[in-house]
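Engineer: If you scroll down you'll find the structure; I have some questions about it.
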Amino acid sequence: MAENCSHDCSSCGENCSSRKSQSLKKQPHALSRIKKVIAVVSGKGGVGKSMTSAMLASASNKKGFNTAIMDADITGPSIPKMFGLKERAMGGEGGILPVETESGIQVMSMNVLLDREDDPVVWRGALISGTVLQFWTDVIWHDVDIMFIDMPPGTGDVPLTIFQSLPLDGIIIVTTPQDLVGMIVGKAVKMANMMNIPILGIVENMSYITCPDCGKKIDVFGESHIECVALEHGISEVLRVPIDSQLTRAADSGKVEEFGRNYYADFFDKIAERLCLKK
């Protein structure tokens, strides 16, 4: 520790033991109750993180867990549309109240704060990261058993802020079946390892399509190597999700939680067991 230390690390550039011992984790709103937090991540965009977040939340809710989704993709929020949410978030006593889906999933997203859902958010990184932190510190989350954070792609400002500032219990990596999968997963794995955050599983979206006539699985985007990639990184839980036009239509029409074929149910059960969540 430097001489004449003021114990105010925010105004100091010294890299001393006192600074290292201080936690960067932010406390949630005083009225919030959140048991477990999982981030849904990927090294690139367009792989279906939002769909994975929505379906895992739906599976969790159907199992009887009080569930929430924090939509951390500030410039490209899609969670409200998937659930058909039209109402705006309201301010309550001392904080912001999340909106709720028909089945009671709590949601906070930039799109429930905007006047119009198609209004663009043209902000720089620092402001975006600050807004995501406010979703944690200023929103009153009521008795949440498990919260899923729908992350923006990559390893930039917002993912780094969330990894450093929120008490993550683990991450789920989302990818697609292509030759880039090893690199995509590798980036997310290395970031999680740097931050000492457990990797709970991998979801491979658009993994195959099932022939409606013969039932054969067809690898539209080439042979999947996700099992090998998971083995390479020591990840035991893997879910391959097919291309399903009915699921796409359900999401586009705001009825994702009504979708009958929940591919994520067994996968969620394994994640919940690992996190010691029981109902």
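Residue names in the structure tokens use chain letters A, B, ... in the order shown, residue numbers from 1 in each chain, and ligand numbers from 1 in the order shown.
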Would you give me, as number ranges by chain, the residues in segment 47-211 of chain A that DSSP reads as alpha helix (DSSP H)?

Structural biologist: A: 49-62, 79-82, 125-137, 157-165, 181-194

Engineer: Quick one: everything within 8 Å of Arg88 of chain A, counting only C-alpha atoms, minus sequence neighbours fewer than 3 positions away in the same chain. Send it as a list in words.

Structural biologist: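 So the residues in contact are Val99, Val112, Leu113 and Leu114 of chain A.
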
Engineer: Would you mind exporting the chosen residues as a PDB file, in the first residue's frame, restricted to C-alpha atoms?

Structural biologist:
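Final file, out.pdb:
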```pdb
ATOM      1  CA  VAL A  99     -42.571  -5.822 -17.055  1.00  0.00           C
ATOM      2  CA  VAL A 112     -39.645  -1.463 -22.646  1.00  0.00           C
ATOM      3  CA  LEU A 113     -38.193   1.984 -21.907  1.00  0.00           C
ATOM      4  CA  LEU A 114     -38.412   3.481 -25.413  1.00  0.00           C
TER       5      LEU A 114
END
```

Engineer: Considering only C-alpha atoms, return as a PyMOL selection string whatever protein or nucleic-acid residues lie within 9 Å of Gly104 of chain A, sequence-local ones (same chain, fewer than 6 positions apart) excluded.

Structural biologist: chain A and resi 61+66-68

Engineer: May I have the residues within 7 Å of Thr75 of chain A as a compact mmCIF listing (two decimals) with N, CA, C and O atoms, in the first residue's frame, using only C-alpha atoms and disregarding those fewer than 2 positions away in the same chain?

Structural biologist:
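As written to disk, result13.txt reads:
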```txt
# COMPACT_ATOMS: atom_id res chain seq x y z
N ASP A 73 -28.56 -6.57 -24.42
CA ASP A 73 -28.23 -6.13 -25.78
C ASP A 73 -28.96 -4.81 -26.03
O ASP A 73 -30.04 -4.77 -26.63
N PRO A 77 -32.17 -4.96 -28.85
CA PRO A 77 -33.02 -5.76 -27.95
C PRO A 77 -34.12 -6.49 -28.70
O PRO A 77 -34.78 -5.91 -29.55
N VAL A 121 -31.04 3.11 -30.68
CA VAL A 121 -30.24 3.58 -29.54
C VAL A 121 -28.84 3.85 -30.07
O VAL A 121 -28.06 2.92 -30.30
```

Engineer: Measuring between only C-alpha atoms, which one of A:Gly91, A:Gly222, A:Gly170, A:Gly182 shows the shortest distance to Ile199 of chain A?

Structural biologist: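 Smallest separation from Ile199 of chain A among the options: A:Gly170.
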
Engineer: Within 8 Å of segment 40-45 of chain A, counting only C-alpha atoms, which residues show up once you throw out same-chain ones fewer than 3 positions away? Write them as a list in words, please.

Structural biologist: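 Contacts, with the query itself left out: Gly48, Lys49, Thr52, Ser53, Phe148, Ile149, Asp150, Met151, Pro152, Pro153, Gly154, Thr155, Ile171, Ile172, Ile173, Val174, Thr175, Ile184, Val185, Lys187 and Ala188 of chain A.
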
Engineer: In terms of the shortest atom-to-atom distance over only C-alpha atoms, which of A:Leu133, A:Ile243, A:Leu24, A:Leu85 is closest to Gln106 of chain A?

Structural biologist: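 Nearest to Gln106 of chain A: A:Leu85.
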
Engineer: Of the candidates A:Val189, A:Ala265, A:Leu166, A:Ile202, which one gets nearest to Lys25 of chain A if we count only C-alpha atoms?

Structural biologist: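 Closest residue, counting only C-alpha atoms: A:Leu166.
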
Engineer: Just the number, please: distance in Å from atom CA of Ala72 of chain A to atom CA of Gln134 of chain A, one decimal.

Structural biologist: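 So the two atoms, atom CA of Ala72 of chain A and atom CA of Gln134 of chain A, lie 10.6 Å apart.
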
Engineer: Tell me, as JSON, numbers by chain, which residues lie within 8 Å of Ala250 of chain A, counting only C-alpha atoms; anything in the same chain fewer than 5 positions away does not count.

Structural biologist: {"A": [82, 255, 256, 258, 259]}

Engineer: In terms of the shortest atom-to-atom distance over only C-alpha atoms, which of A:Gly84, A:Gly95, A:Gly130, A:Lys216 is closest to Asn111 of chain A?

Structural biologist: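 Of the candidates, the smallest distance to Asn111 of chain A is held by A:Gly84.
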
Engineer: So that I can check the secondary structure, give me every residue of segment 22-224 of chain A assigned strand (DSSP E or B) by backbone DSSP, as a VMD selection string.

Structural biologist: chain A and resid 34 to 41 67 to 71 90 to 92 95 to 97 99 to 100 106 to 108 139 144 to 150 170 to 175 199 to 204 209 to 210 217 to 218

Engineer: Counting only C-alpha atoms, which of A:Ile146, A:Met195, A:Ala230, A:Met110 gets nearest to Ser165 of chain A?

Structural biologist: A:Met195

Engineer: Point out the residue among A:Asp219, A:Asp269, A:Asp71, A:Asp213 with the least atom-to-atom distance to Phe135 of chain A, counting only C-alpha atoms.

Structural biologist: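 Result for the nearest residue to Phe135 of chain A: A:Asp71.
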
Engineer: Quick one: pull the distance between atom CA of Val144 of chain A and atom CA of Ala192 of chain A, Å, one decimal.

Structural biologist: 23.6 Å

Engineer: One number please: atom CA of Leu277 of chain A to atom CA of Val203 of chain A, in Å, one decimal.

Structural biologist: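 Atom-to-atom, atom CA of Leu277 of chain A and atom CA of Val203 of chain A are spaced 20.2 Å apart.
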